[in-house]
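The structure file work-v2.cif is reproduced below (mmCIF, C-alpha atoms).
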data_structure
#
loop_
_atom_site.label_atom_id
_atom_site.label_comp_id
_atom_site.auth_asym_id
_atom_site.auth_seq_id
_atom_site.Cartn_x
_atom_site.Cartn_y
_atom_site.Cartn_z
CA MET W 1 -35.27 46.60 5.59
CA GLN W 2 -33.49 49.89 4.93
CA GLY W 3 -30.78 49.57 2.25
CA SER W 4 -27.20 50.82 2.60
CA PRO W 5 -25.96 53.93 0.74
CA GLN W 6 -24.31 51.58 -1.80
CA GLY W 7 -27.65 49.97 -2.58
CA GLY W 8 -26.95 46.64 -0.79
CA ALA W 9 -28.02 45.28 2.55
CA ASP W 10 -26.38 46.80 5.61
CA LEU W 11 -24.60 43.67 6.84
CA ALA W 12 -23.31 45.33 9.97
CA ALA W 13 -26.85 46.26 10.93
CA ILE W 14 -28.00 42.66 10.86
CA GLY W 15 -25.01 41.54 12.95
CA LEU W 16 -23.31 39.36 10.32
CA ASP W 17 -20.08 39.13 12.33
CA ASP W 18 -22.00 37.78 15.31
CA LEU W 19 -23.76 35.27 13.02
CA ASN W 20 -20.41 34.10 11.65
CA ASP W 21 -19.00 33.63 15.15
CA ALA W 22 -22.07 31.70 16.20
CA LEU W 23 -21.89 29.56 13.06
CA ASP W 24 -18.24 28.72 13.74
CA ARG W 25 -19.07 27.74 17.33
CA ARG W 26 -21.95 25.58 16.09
CA LEU W 27 -19.67 23.66 13.71
CA ALA W 28 -16.47 23.67 15.80
CA ASP W 29 -16.82 20.05 16.94
CA ALA W 30 -17.66 18.87 13.43
CA ASP W 31 -14.66 20.77 12.01
CA ALA W 32 -12.33 19.22 14.57
CA SER W 33 -13.74 15.75 13.98
CA LEU W 34 -13.31 16.08 10.21
CA LEU W 35 -9.65 17.06 10.56
CA GLU W 36 -9.00 14.24 13.00
CA ARG W 37 -10.78 11.53 11.02
CA TYR W 38 -9.81 12.69 7.53
CA PRO W 39 -6.33 14.24 7.74
CA GLY W 40 -5.52 13.55 4.07
CA GLU W 41 -2.35 12.06 2.61
CA ARG W 42 0.56 11.40 4.96
CA GLY W 43 3.12 12.49 2.39
CA ARG W 44 5.14 9.30 2.68
CA ARG W 45 6.23 7.07 -0.18
CA GLN W 46 3.81 4.18 -0.67
CA PRO W 47 5.48 0.97 -1.84
CA VAL W 48 4.20 -0.44 -5.13
CA HIS W 49 4.02 -3.93 -3.68
CA THR W 50 4.41 -6.11 -0.62
CA VAL W 51 6.45 -9.29 -0.95
CA TYR W 52 5.31 -12.09 1.34
CA ILE W 53 7.95 -14.68 2.34
CA PRO W 54 7.39 -17.41 4.96
CA ALA W 55 9.53 -16.78 8.02
CA ASP W 56 11.49 -20.03 7.64
CA ARG W 57 12.68 -18.94 4.17
CA VAL W 58 13.93 -15.50 5.18
CA HIS W 59 17.68 -14.97 5.30
CA ALA W 60 20.13 -12.09 5.15
CA GLY W 61 20.24 -10.69 1.64
CA ILE W 62 16.77 -12.01 0.77
CA ALA W 63 15.78 -8.93 -1.25
CA ARG W 64 18.96 -9.12 -3.32
CA ALA W 65 18.35 -12.82 -3.91
CA TRP W 66 14.86 -12.08 -5.22
CA GLY W 67 16.27 -9.42 -7.53
CA ASP W 68 18.88 -11.83 -8.87
CA GLN W 69 16.22 -14.48 -9.57
CA ALA W 70 14.07 -11.90 -11.35
CA LEU W 71 17.00 -10.85 -13.55
CA GLU W 72 17.81 -14.47 -14.29
CA ILE W 73 14.28 -15.35 -15.45
CA LEU W 74 14.19 -12.24 -17.62
CA GLY W 75 17.43 -13.29 -19.30
CA GLU W 76 16.09 -16.78 -19.91
CA ALA W 77 12.45 -16.13 -20.87
CA ALA W 78 12.55 -12.62 -22.38
CA PRO W 79 16.11 -11.45 -23.10
CA ASP W 80 15.09 -8.28 -24.97
CA ALA W 81 12.26 -5.77 -25.26
CA ALA W 82 10.65 -7.50 -28.23
CA ALA W 83 10.48 -10.84 -26.43
CA LEU W 84 9.15 -9.22 -23.25
CA ALA W 85 6.49 -7.34 -25.18
CA THR W 86 5.37 -10.57 -26.81
CA ALA W 87 5.32 -12.32 -23.44
CA THR W 88 3.31 -9.65 -21.63
CA GLY W 89 1.13 -8.21 -24.36
CA LEU W 90 2.43 -4.69 -23.78
CA ALA W 91 3.43 -2.43 -26.68
CA GLU W 92 7.03 -2.97 -27.74
CA ASP W 93 7.90 0.74 -27.76
CA MET W 94 6.64 1.10 -24.18
CA VAL W 95 8.52 -2.01 -23.08
CA ALA W 96 11.69 -0.68 -24.72
CA ASP W 97 11.24 2.61 -22.85
CA CYS W 98 10.64 0.93 -19.49
CA LEU W 99 13.00 -2.05 -19.62
CA PRO W 100 16.24 -0.21 -18.70
CA ARG W 101 14.46 1.26 -15.69
CA VAL W 102 13.09 -2.15 -14.70
CA LEU W 103 16.54 -3.72 -14.92
CA ASP W 104 18.01 -0.93 -12.82
CA LYS W 105 15.26 -1.37 -10.24
CA LEU W 106 15.89 -5.11 -10.00
CA ARG W 107 19.59 -4.44 -9.47
CA THR W 108 19.25 -1.67 -6.89
CA GLU W 109 15.92 -2.03 -5.05
CA PRO W 110 14.13 -5.22 -6.09
CA VAL W 111 11.81 -5.29 -3.07
CA GLU W 112 10.09 -2.18 -1.74
CA ASP W 113 8.15 -3.81 1.10
CA LEU W 114 8.93 -7.17 2.70
CA ARG W 115 6.48 -8.96 4.96
CA ILE W 116 7.91 -11.87 6.93
CA ASP W 117 4.97 -14.24 7.05
CA LEU W 118 3.99 -16.17 10.17
CA GLU W 119 0.39 -16.73 9.11
CA ASP W 120 -1.09 -18.62 6.14
CA GLY W 121 2.12 -18.74 4.13
CA TYR W 122 3.96 -20.16 7.13
CA GLY W 123 1.40 -22.49 8.68
CA ALA W 124 1.13 -24.06 12.12
CA ARG W 125 4.38 -25.08 13.78
CA SER W 126 5.41 -25.99 17.31
CA ASP W 127 6.13 -23.08 19.64
CA ALA W 128 9.82 -23.92 19.72
CA GLU W 129 10.03 -24.05 15.91
CA GLU W 130 8.19 -20.76 15.41
CA ASP W 131 10.25 -19.07 18.11
CA GLY W 132 13.40 -20.15 16.30
CA HIS W 133 12.20 -18.89 12.93
CA VAL W 134 11.12 -15.55 14.44
CA ARG W 135 14.56 -15.04 15.97
CA GLU W 136 16.34 -16.05 12.75
CA ALA W 137 14.19 -13.76 10.61
CA ALA W 138 14.73 -10.85 13.00
CA ALA W 139 18.48 -11.48 12.96
CA ALA W 140 18.43 -11.53 9.14
CA LEU W 141 16.65 -8.18 9.14
CA CYS W 142 19.22 -6.73 11.54
CA ALA W 143 22.03 -7.93 9.28
CA ASP W 144 20.41 -6.32 6.23
CA LEU W 145 19.80 -3.09 8.13
CA ALA W 146 23.46 -2.96 9.12
CA ALA W 147 24.53 -3.64 5.52
CA GLY W 148 22.12 -1.10 4.03
CA ALA W 149 20.40 -3.96 2.17
CA ALA W 150 16.96 -3.93 3.83
CA PRO W 151 13.92 -2.84 1.80
CA PRO W 152 12.41 0.59 2.62
CA TYR W 153 9.52 -1.15 4.40
CA VAL W 154 9.72 -4.41 6.33
CA GLY W 155 7.78 -6.18 9.05
CA ILE W 156 5.78 -9.26 9.92
CA ARG W 157 2.35 -10.73 9.44
CA MET W 158 1.67 -12.59 12.67
CA LYS W 159 -1.35 -14.71 13.46
CA GLY W 160 -4.43 -12.60 14.09
CA MET W 161 -6.90 -12.04 16.90
CA GLU W 162 -8.89 -15.23 16.46
CA ALA W 163 -9.07 -17.21 19.70
CA ALA W 164 -7.06 -20.15 18.36
CA GLY W 165 -4.03 -18.10 17.30
CA ARG W 166 -3.96 -14.82 19.19
CA HIS W 167 -1.57 -15.97 21.95
CA ARG W 168 0.88 -17.34 19.39
CA GLY W 169 0.53 -14.16 17.35
CA LEU W 170 1.29 -11.93 20.31
CA ARG W 171 4.25 -14.09 21.33
CA SER W 172 5.79 -13.89 17.85
CA LEU W 173 5.17 -10.16 17.61
CA ALA W 174 6.81 -9.45 20.98
CA LEU W 175 9.71 -11.81 20.24
CA PHE W 176 10.32 -10.24 16.84
CA ILE W 177 10.26 -6.66 18.14
CA GLY W 178 12.50 -7.56 21.08
CA THR W 179 15.04 -9.34 18.87
CA VAL W 180 15.20 -6.46 16.37
CA LEU W 181 15.63 -3.91 19.16
CA GLU W 182 18.39 -6.00 20.69
CA GLY W 183 20.19 -6.46 17.38
CA ALA W 184 19.65 -3.08 15.71
CA GLY W 185 19.09 -0.76 18.67
CA ASP W 186 15.82 0.58 17.20
CA LEU W 187 13.06 -0.33 14.81
CA PRO W 188 13.58 0.79 11.19
CA ASP W 189 11.55 3.76 9.97
CA GLY W 190 9.57 1.55 7.60
CA PHE W 191 8.61 -1.04 10.22
CA VAL W 192 5.15 -2.50 9.45
CA LEU W 193 2.79 -4.99 11.10
CA THR W 194 -0.05 -6.77 9.31
CA LEU W 195 -3.13 -7.95 11.21
CA PRO W 196 -4.93 -10.76 9.32
CA LYS W 197 -8.31 -12.52 9.57
CA ILE W 198 -10.18 -9.60 11.13
CA THR W 199 -13.82 -10.32 11.93
CA SER W 200 -14.79 -7.51 14.31
CA VAL W 201 -14.06 -3.91 15.24
CA GLU W 202 -13.18 -5.17 18.69
CA GLN W 203 -10.19 -7.04 17.25
CA VAL W 204 -8.88 -3.74 15.88
CA THR W 205 -9.28 -1.98 19.21
CA ALA W 206 -7.55 -4.96 20.85
CA MET W 207 -4.64 -4.50 18.45
CA VAL W 208 -4.46 -0.83 19.43
CA TRP W 209 -4.24 -1.92 23.05
CA VAL W 210 -1.56 -4.50 22.24
CA THR W 211 0.60 -1.93 20.44
CA GLU W 212 0.23 0.51 23.34
CA GLN W 213 1.30 -2.18 25.79
CA LEU W 214 4.29 -3.23 23.70
CA GLU W 215 5.43 0.38 23.27
CA SER W 216 5.33 0.84 27.03
CA ARG W 217 7.12 -2.42 27.81
CA PHE W 218 9.83 -1.98 25.17
CA GLY W 219 10.35 1.73 25.89
CA LEU W 220 9.18 2.84 22.44
CA ASP W 221 7.67 6.22 21.69
CA ALA W 222 3.89 6.34 21.93
CA GLY W 223 2.36 5.73 18.51
CA ARG W 224 5.49 4.08 17.12
CA LEU W 225 3.72 0.85 16.19
CA GLY W 226 1.21 1.15 13.36
CA PHE W 227 -0.45 -1.74 11.59
CA GLU W 228 -2.18 -2.73 8.38
CA LEU W 229 -5.61 -4.36 8.31
CA GLN W 230 -5.90 -7.37 6.03
CA ILE W 231 -9.44 -7.34 4.67
CA GLU W 232 -10.12 -10.99 3.89
CA THR W 233 -13.37 -11.87 5.66
CA PRO W 234 -16.94 -10.77 4.83
CA GLN W 235 -17.25 -9.59 8.44
CA SER W 236 -14.49 -7.04 7.85
CA VAL W 237 -16.43 -5.48 4.97
CA LEU W 238 -20.06 -5.68 6.09
CA ALA W 239 -21.20 -5.59 9.72
CA PRO W 240 -24.28 -7.54 10.90
CA ASP W 241 -26.32 -4.32 10.92
CA GLY W 242 -25.52 -3.67 7.26
CA THR W 243 -22.99 -0.89 7.85
CA ALA W 244 -19.47 -0.83 6.40
CA ALA W 245 -17.41 -2.56 9.05
CA VAL W 246 -14.11 -1.61 7.42
CA ALA W 247 -14.89 2.09 7.85
CA ARG W 248 -15.47 1.60 11.55
CA MET W 249 -12.24 -0.40 11.77
CA VAL W 250 -10.18 2.37 10.19
CA HIS W 251 -11.36 4.88 12.77
CA ALA W 252 -11.22 2.41 15.65
CA GLY W 253 -7.49 2.16 14.94
CA ALA W 254 -6.91 5.47 16.72
CA GLY W 255 -4.55 6.73 14.01
CA ARG W 256 -2.47 3.54 13.96
CA VAL W 257 -4.01 1.94 10.86
CA THR W 258 -1.61 2.54 7.97
CA ALA W 259 -3.15 0.48 5.15
CA LEU W 260 -5.96 -1.82 4.05
CA HIS W 261 -4.82 -4.95 2.20
CA TYR W 262 -7.28 -7.07 0.26
CA GLY W 263 -6.94 -10.83 0.79
CA THR W 264 -7.98 -12.38 -2.52
CA TYR W 265 -8.41 -16.05 -1.76
CA ASP W 266 -9.70 -16.10 1.81
CA TYR W 267 -12.31 -13.47 0.97
CA SER W 268 -13.42 -15.14 -2.26
CA ALA W 269 -13.69 -18.53 -0.59
CA ALA W 270 -15.68 -17.07 2.31
CA CYS W 271 -18.11 -15.60 -0.23
CA GLY W 272 -18.59 -19.04 -1.80
CA VAL W 273 -16.57 -18.48 -4.98
CA THR W 274 -15.26 -21.80 -6.26
CA ALA W 275 -11.47 -22.09 -6.51
CA ALA W 276 -11.31 -21.92 -10.30
CA TYR W 277 -12.89 -18.45 -10.31
CA GLN W 278 -11.20 -16.86 -7.31
CA SER W 279 -9.41 -13.76 -8.60
CA MET W 280 -8.53 -10.15 -7.89
CA ALA W 281 -10.89 -9.33 -10.79
CA HIS W 282 -13.95 -11.26 -9.56
CA PRO W 283 -17.07 -9.15 -8.81
CA VAL W 284 -16.93 -10.02 -5.09
CA ALA W 285 -13.38 -8.67 -5.04
CA ASP W 286 -14.38 -5.47 -6.81
CA HIS W 287 -17.23 -4.91 -4.36
CA ALA W 288 -15.01 -5.40 -1.31
CA LYS W 289 -12.32 -3.15 -2.71
CA ALA W 290 -14.83 -0.42 -3.58
CA VAL W 291 -16.01 -0.40 0.04
CA MET W 292 -12.40 -0.36 1.23
CA GLN W 293 -11.67 2.56 -1.08
CA LEU W 294 -14.56 4.61 0.30
CA ALA W 295 -13.58 3.78 3.87
CA ALA W 296 -9.98 4.90 3.32
CA ALA W 297 -10.70 8.05 1.27
CA GLY W 298 -9.29 11.13 2.95
CA THR W 299 -7.92 9.23 5.94
CA GLY W 300 -4.32 8.84 4.76
CA VAL W 301 -4.72 5.05 4.93
CA TRP W 302 -3.17 3.31 1.92
CA LEU W 303 -4.87 0.67 -0.20
CA SER W 304 -3.30 -2.54 -1.45
CA ASP W 305 -4.77 -5.10 -3.80
CA GLY W 306 -4.06 -8.78 -3.27
CA SER W 307 -2.17 -11.40 -5.25
CA THR W 308 -2.50 -13.93 -8.00
CA ASN W 309 -1.54 -17.53 -7.26
CA VAL W 310 -0.64 -18.20 -10.90
CA LEU W 311 3.15 -18.07 -10.68
CA PRO W 312 5.60 -17.51 -13.59
CA VAL W 313 7.34 -20.87 -13.32
CA GLY W 314 7.76 -23.88 -15.60
CA THR W 315 8.22 -23.77 -19.34
CA PRO W 316 8.73 -20.47 -21.22
CA VAL W 317 5.14 -20.73 -22.43
CA GLU W 318 3.90 -21.09 -18.84
CA VAL W 319 6.09 -18.22 -17.65
CA HIS W 320 4.82 -15.96 -20.44
CA ALA W 321 1.18 -16.82 -19.70
CA ALA W 322 1.61 -16.03 -16.02
CA TRP W 323 3.45 -12.78 -16.83
CA ARG W 324 0.66 -11.67 -19.15
CA LEU W 325 -1.95 -12.39 -16.46
CA HIS W 326 0.07 -10.63 -13.75
CA ALA W 327 0.84 -7.56 -15.86
CA GLY W 328 -2.84 -7.22 -16.72
CA LEU W 329 -3.92 -7.51 -13.09
CA VAL W 330 -1.31 -4.98 -11.94
CA ARG W 331 -2.51 -2.55 -14.59
CA ARG W 332 -6.14 -3.16 -13.62
CA SER W 333 -5.40 -2.36 -9.98
CA LEU W 334 -3.52 0.82 -10.86
CA GLU W 335 -6.37 2.06 -13.04
CA ARG W 336 -8.69 1.58 -10.06
CA ALA W 337 -6.40 3.60 -7.74
CA PHE W 338 -4.98 0.59 -5.90
CA TYR W 339 -1.33 1.59 -6.15
CA GLN W 340 0.05 -1.38 -4.25
CA GLY W 341 -0.35 -5.17 -4.51
CA TRP W 342 1.16 -8.42 -3.32
CA ASP W 343 3.93 -10.43 -4.97
CA MET W 344 4.52 -14.02 -3.92
CA HIS W 345 7.44 -15.12 -6.13
CA PRO W 346 10.65 -13.49 -7.47
CA HIS W 347 9.51 -14.10 -11.05
CA GLN W 348 6.59 -11.69 -10.49
CA LEU W 349 8.95 -8.75 -9.97
CA PRO W 350 9.64 -8.10 -13.69
CA THR W 351 5.95 -7.68 -14.51
CA ARG W 352 5.23 -5.78 -11.30
CA TYR W 353 7.70 -3.09 -12.28
CA LEU W 354 7.11 -3.26 -16.02
CA ALA W 355 3.34 -2.80 -15.73
CA THR W 356 3.75 -0.14 -13.04
CA TYR W 357 6.33 1.83 -14.98
CA ALA W 358 4.27 1.64 -18.18
CA PHE W 359 1.25 3.00 -16.27
CA TYR W 360 3.14 6.03 -14.93
CA ARG W 361 5.01 6.72 -18.15
CA GLU W 362 1.75 6.72 -20.11
CA ALA W 363 0.28 9.13 -17.56
CA PHE W 364 3.38 11.34 -17.50
CA ALA W 365 3.04 13.65 -20.52
CA PRO W 366 -0.71 14.41 -20.20
CA ALA W 367 -0.42 14.97 -16.45
CA ALA W 368 2.63 17.24 -16.82
CA ASP W 369 0.93 19.29 -19.56
CA ARG W 370 -2.22 19.81 -17.51
CA LEU W 371 -0.22 20.71 -14.41
CA ARG W 372 1.84 23.21 -16.37
CA ALA W 373 -1.38 24.82 -17.54
CA TYR W 374 -2.85 24.76 -14.03
CA LEU W 375 0.24 26.45 -12.63
CA GLY W 376 -0.12 29.18 -15.27
CA ALA W 377 2.81 28.39 -17.52
CA LEU W 378 0.77 28.01 -20.73
CA ASP W 379 -2.74 28.15 -22.12
CA SER W 380 -4.81 24.99 -22.22
CA GLY W 381 -8.23 23.89 -23.35
CA VAL W 382 -8.73 22.07 -20.04
CA GLN W 383 -9.59 23.95 -16.85
CA ASP W 384 -8.76 21.67 -13.94
CA GLU W 385 -10.11 21.83 -10.39
CA PRO W 386 -7.65 21.93 -7.44
CA ALA W 387 -8.59 18.33 -6.59
CA THR W 388 -7.69 17.23 -10.12
CA ALA W 389 -4.38 19.10 -9.94
CA GLN W 390 -3.69 17.25 -6.73
CA ALA W 391 -4.37 13.91 -8.43
CA LEU W 392 -2.17 14.86 -11.41
CA SER W 393 0.67 15.80 -9.08
CA ALA W 394 0.21 12.59 -7.12
CA ALA W 395 0.61 10.54 -10.30
CA LEU W 396 3.93 12.23 -11.08
CA VAL W 397 5.18 11.93 -7.50
CA ARG W 398 4.28 8.24 -7.33
CA GLY W 399 6.06 7.69 -10.64
CA LEU W 400 9.15 9.44 -9.31
CA ARG W 401 9.21 7.53 -6.04
CA CYS W 402 9.06 4.09 -7.63
CA GLY W 403 11.61 4.84 -10.36
CA ALA W 404 9.28 5.06 -13.37
CA LEU W 405 10.07 8.75 -13.90
CA GLY W 406 13.18 10.92 -13.51
CA GLU W 407 13.35 14.24 -11.70
CA THR W 408 14.81 16.18 -14.62
CA GLU W 409 12.18 15.08 -17.14
CA VAL W 410 9.33 15.69 -14.68
CA GLU W 411 10.49 19.17 -13.67
CA LYS W 412 11.05 20.19 -17.29
CA ALA W 413 7.67 18.91 -18.50
CA ALA W 414 5.60 20.15 -15.53
CA GLY W 415 7.35 23.49 -15.16
CA ALA W 416 7.67 22.96 -11.42
CA GLY W 417 10.17 21.45 -9.02
CA VAL W 418 9.69 18.13 -7.28
CA ASP W 419 9.15 19.87 -3.93
CA THR W 420 6.31 21.92 -5.40
CA LEU W 421 4.71 18.84 -6.95
CA THR W 422 5.07 16.88 -3.73
CA ALA W 423 3.44 19.66 -1.72
CA LEU W 424 0.60 19.92 -4.23
CA ALA W 425 0.08 16.14 -4.18
CA ALA W 426 -0.16 16.07 -0.39
CA ARG W 427 -2.37 19.13 0.12
CA ARG W 428 -5.76 18.75 1.69
CA VAL W 429 -8.54 19.59 -0.73
CA GLY W 430 -11.98 20.55 0.55
#
Turn the structure described in the file into structure tokens.
Amino acid sequence: MQGSPQGGADLAAIGLDDLNDALDRRLADADASLLERYPGERGRRQPVHTVYIPADRVHAGIARAWGDQALEILGEAAPDAAALATATGLAEDMVADCLPRVLDKLRTEPVEDLRIDLEDGYGARSDAEEDGHVREAAAALCADLAAGAAPPYVGIRMKGMEAAGRHRGLRSLALFIGTVLEGAGDLPDGFVLTLPKITSVEQVTAMVWVTEQLESRFGLDAGRLGFELQIETPQSVLAPDGTAAVARMVHAGAGRVTALHYGTYDYSAACGVTAAYQSMAHPVADHAKAVMQLAAAGTGVWLSDGSTNVLPVGTPVEVHAAWRLHAGLVRRSLERAFYQGWDMHPHQLPTRYLATYAFYREAFAPAADRLRAYLGALDSGVQDEPATAQALSAALVRGLRCGALGETEVEKAAGAGVDTLTALAARRVG
């Protein structure tokens, strides 16, 4: 082929522009599908935990009551940083740094996400009894919304799509939504539904249909009702043909799936793990959560780890042992990029926030230094990729949103404003 005067190929002569246009047409459907299926982060604040409370125990001011109980147990079992460090096994200097922030959190926003439980934690009741508890819990939520005392996220876990409970689940869901709309005029921005005991993709598509029907019948905007998938059965992880069922479920949700929550004890039991060894840290749990993580990557769907049933109650020695276990499990989840978990008792709140704050405060200085270098403010021996810069920004933004970090210290250390960091954390890489 004849060369160009500049010594290179004559790209115009070979019709490169036409080739590019043809290439774009060839991949247009794949490009559109990628953007639809993997839109990236939603840019919303993810709660650090979900608190599950049976519907018959929910009352107005429930979040404040949990915060008060958490403060009380701290005062009794670990009244200062040294005692709390001994109880949890965390370094005393880190505990001293985090403790004022933890106390402030427990006073101002003790619960980030409340799930009113009508499933396992609530049990089987008569229709009349469950109807009454649904109405009372919805009225309590309306009272807290009016008083500005509701957590940022709140909703219900109704019975799932299994044949034995689906009618009761739908009845409670419709009754709860209707009662909240009647009492508050609208659903809160952080309204969340949790679908448990999923065993097939068809149950997810049925839930999509249910939410569409309820939106139409209650006059809600299309797409208003999203839902979490509780991954607690082997069938929700691995399909009969050997494929990852949870990945199919995420995409079958038609954009309504907001999170995947791991169910520690149901899943472990279904896999044959004896009760004494059922744990968030068991190998069967790690396998399930690794599949969940791959299924959610790039979709904007959040991940949540499960719970421990070892509660910080009893003697000070028993409280300390449970705190040490809980703090370690929270830290383990965070290191594995599960930034949310379940809490089942008010006494778990101190270690939820302490372990979470310690994680983000440890990550703060190195992440800020590397971001400052990435943004060109100083020289560094580390050359980060855009994807790494996104992850570094995300760590700082998550720390800010939960209260572990302060805006002034982050902006000073990173050399960038919170808006810039938030935009960088939410950008689509790839």
| said: I'd like the residues picked by the PyMOL selection byres ((chain W and resi 186) around 12) written out as a ChimeraX atom specification, using the chain letters and numbers from the file. | reply: /W:141-142,145-146,177-185,187-191,218-221,224
Give me, as a PDB file with C-alpha atoms, keeping the file's coordinate frame, all polymer residues having an atom no more than 9 Å from stretch 298-303 of chain W, counting only C-alpha atoms and skipping those fewer than 2 positions away in the same chain.
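So the final result, stored in result.pdb, reads:
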ATOM      1  CA  GLU W  36      -9.000  14.240  13.000  1.00  0.00           C
ATOM      2  CA  ARG W  37     -10.780  11.530  11.020  1.00  0.00           C
ATOM      3  CA  TYR W  38      -9.810  12.690   7.530  1.00  0.00           C
ATOM      4  CA  PRO W  39      -6.330  14.240   7.740  1.00  0.00           C
ATOM      5  CA  GLY W  40      -5.520  13.550   4.070  1.00  0.00           C
ATOM      6  CA  GLU W  41      -2.350  12.060   2.610  1.00  0.00           C
ATOM      7  CA  ARG W  42       0.560  11.400   4.960  1.00  0.00           C
ATOM      8  CA  GLY W  43       3.120  12.490   2.390  1.00  0.00           C
ATOM      9  CA  GLN W  46       3.810   4.180  -0.670  1.00  0.00           C
ATOM     10  CA  GLU W 228      -2.180  -2.730   8.380  1.00  0.00           C
ATOM     11  CA  VAL W 250     -10.180   2.370  10.190  1.00  0.00           C
ATOM     12  CA  HIS W 251     -11.360   4.880  12.770  1.00  0.00           C
ATOM     13  CA  VAL W 257      -4.010   1.940  10.860  1.00  0.00           C
ATOM     14  CA  THR W 258      -1.610   2.540   7.970  1.00  0.00           C
ATOM     15  CA  ALA W 259      -3.150   0.480   5.150  1.00  0.00           C
ATOM     16  CA  LEU W 260      -5.960  -1.820   4.050  1.00  0.00           C
ATOM     17  CA  HIS W 261      -4.820  -4.950   2.200  1.00  0.00           C
ATOM     18  CA  TYR W 262      -7.280  -7.070   0.260  1.00  0.00           C
ATOM     19  CA  LYS W 289     -12.320  -3.150  -2.710  1.00  0.00           C
ATOM     20  CA  MET W 292     -12.400  -0.360   1.230  1.00  0.00           C
ATOM     21  CA  GLN W 293     -11.670   2.560  -1.080  1.00  0.00           C
ATOM     22  CA  LEU W 294     -14.560   4.610   0.300  1.00  0.00           C
ATOM     23  CA  ALA W 295     -13.580   3.780   3.870  1.00  0.00           C
ATOM     24  CA  ALA W 296      -9.980   4.900   3.320  1.00  0.00           C
ATOM     25  CA  ASP W 305      -4.770  -5.100  -3.800  1.00  0.00           C
ATOM     26  CA  ALA W 337      -6.400   3.600  -7.740  1.00  0.00           C
ATOM     27  CA  PHE W 338      -4.980   0.590  -5.900  1.00  0.00           C
ATOM     28  CA  TYR W 339      -1.330   1.590  -6.150  1.00  0.00           C
ATOM     29  CA  GLN W 340       0.050  -1.380  -4.250  1.00  0.00           C
ATOM     30  CA  GLY W 341      -0.350  -5.170  -4.510  1.00  0.00           C
ATOM     31  CA  ARG W 428      -5.760  18.750   1.690  1.00  0.00           C
TER      32      ARG W 428
END
Please provide as a PyMOL selection string all residues within 12 Å of W:Ala252, with the sequence filter that same-chain residues fewer than 4 positions apart are discarded (counting only C-alpha atoms). chain W and resi 37+200-209+229+245-248+256-257
Between atom CA of W:Pro152 and atom CA of W:Arg64, what is the distance in Å, rounded to a tenth?
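Computing it gives 13.1 Å between the two atoms.
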**Prompt:** Looking at all atoms listed in the file, which of W:Ile231, W:Ala275, W:Ala83, W:Ala285 is the one that sits closest to W:Gly263?
**Reply:**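 The answer is W:Ile231, which sits nearest to W:Gly263.
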Chain and number of each residue from the PyMOL selection byres ((chain W and resi 103) around 10), as a PDB file with C-alpha atoms, keeping the file's coordinate frame:
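Dumped everything to expr-v7.pdb:
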ATOM      1  CA  GLY W  67      16.270  -9.420  -7.530  1.00  0.00           C
ATOM      2  CA  ALA W  70      14.070 -11.900 -11.350  1.00  0.00           C
ATOM      3  CA  LEU W  71      17.000 -10.850 -13.550  1.00  0.00           C
ATOM      4  CA  LEU W  74      14.190 -12.240 -17.620  1.00  0.00           C
ATOM      5  CA  CYS W  98      10.640   0.930 -19.490  1.00  0.00           C
ATOM      6  CA  LEU W  99      13.000  -2.050 -19.620  1.00  0.00           C
ATOM      7  CA  PRO W 100      16.240  -0.210 -18.700  1.00  0.00           C
ATOM      8  CA  ARG W 101      14.460   1.260 -15.690  1.00  0.00           C
ATOM      9  CA  VAL W 102      13.090  -2.150 -14.700  1.00  0.00           C
ATOM     10  CA  ASP W 104      18.010  -0.930 -12.820  1.00  0.00           C
ATOM     11  CA  LYS W 105      15.260  -1.370 -10.240  1.00  0.00           C
ATOM     12  CA  LEU W 106      15.890  -5.110 -10.000  1.00  0.00           C
ATOM     13  CA  ARG W 107      19.590  -4.440  -9.470  1.00  0.00           C
ATOM     14  CA  THR W 108      19.250  -1.670  -6.890  1.00  0.00           C
ATOM     15  CA  PRO W 110      14.130  -5.220  -6.090  1.00  0.00           C
ATOM     16  CA  PRO W 350       9.640  -8.100 -13.690  1.00  0.00           C
ATOM     17  CA  TYR W 353       7.700  -3.090 -12.280  1.00  0.00           C
ATOM     18  CA  LEU W 354       7.110  -3.260 -16.020  1.00  0.00           C
TER      19      LEU W 354
END
Requested in this report: Would you write out, as number ranges by chain, every residue that the PyMOL selection byres ((chain W and resi 347) around 9) captures in this file?
Outcome: W: 66-67, 69-74, 311-313, 319, 323, 344-346, 348-351
Atom pair atom CA of W:Glu362 + atom CA of W:Ala387, distance 20.6 Å
note - atom CA of W:Thr422 and atom CA of W:Asp113 are separated by 21.5 Å
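The residue that comes closest to W:Gly403, out of W:Glu109, W:Ala416, W:Leu214, W:Glu385 and on the basis of only C-alpha atoms, is W:Glu109.
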Within 9 Å of W:Val58, counting only C-alpha atoms, which residues show up once you throw out same-chain ones fewer than 4 positions away? Write them as a PyMOL selection string, please.
chain W and resi 53-54+62+116+133+136-137+140-141
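Among W:Ala327, W:Leu375, W:Met280, W:Val317, the residue with the shortest atom-to-atom distance to W:Glu76, counting only C-alpha atoms, is W:Val317.
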- Message: Taking all atoms listed in the file into account, name the residue in W:Val330, W:Leu175, W:Val410, W:Ala321 that is nearest to W:Ala363.
- Response: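 Of the candidates, the smallest distance to W:Ala363 is held by W:Val410.
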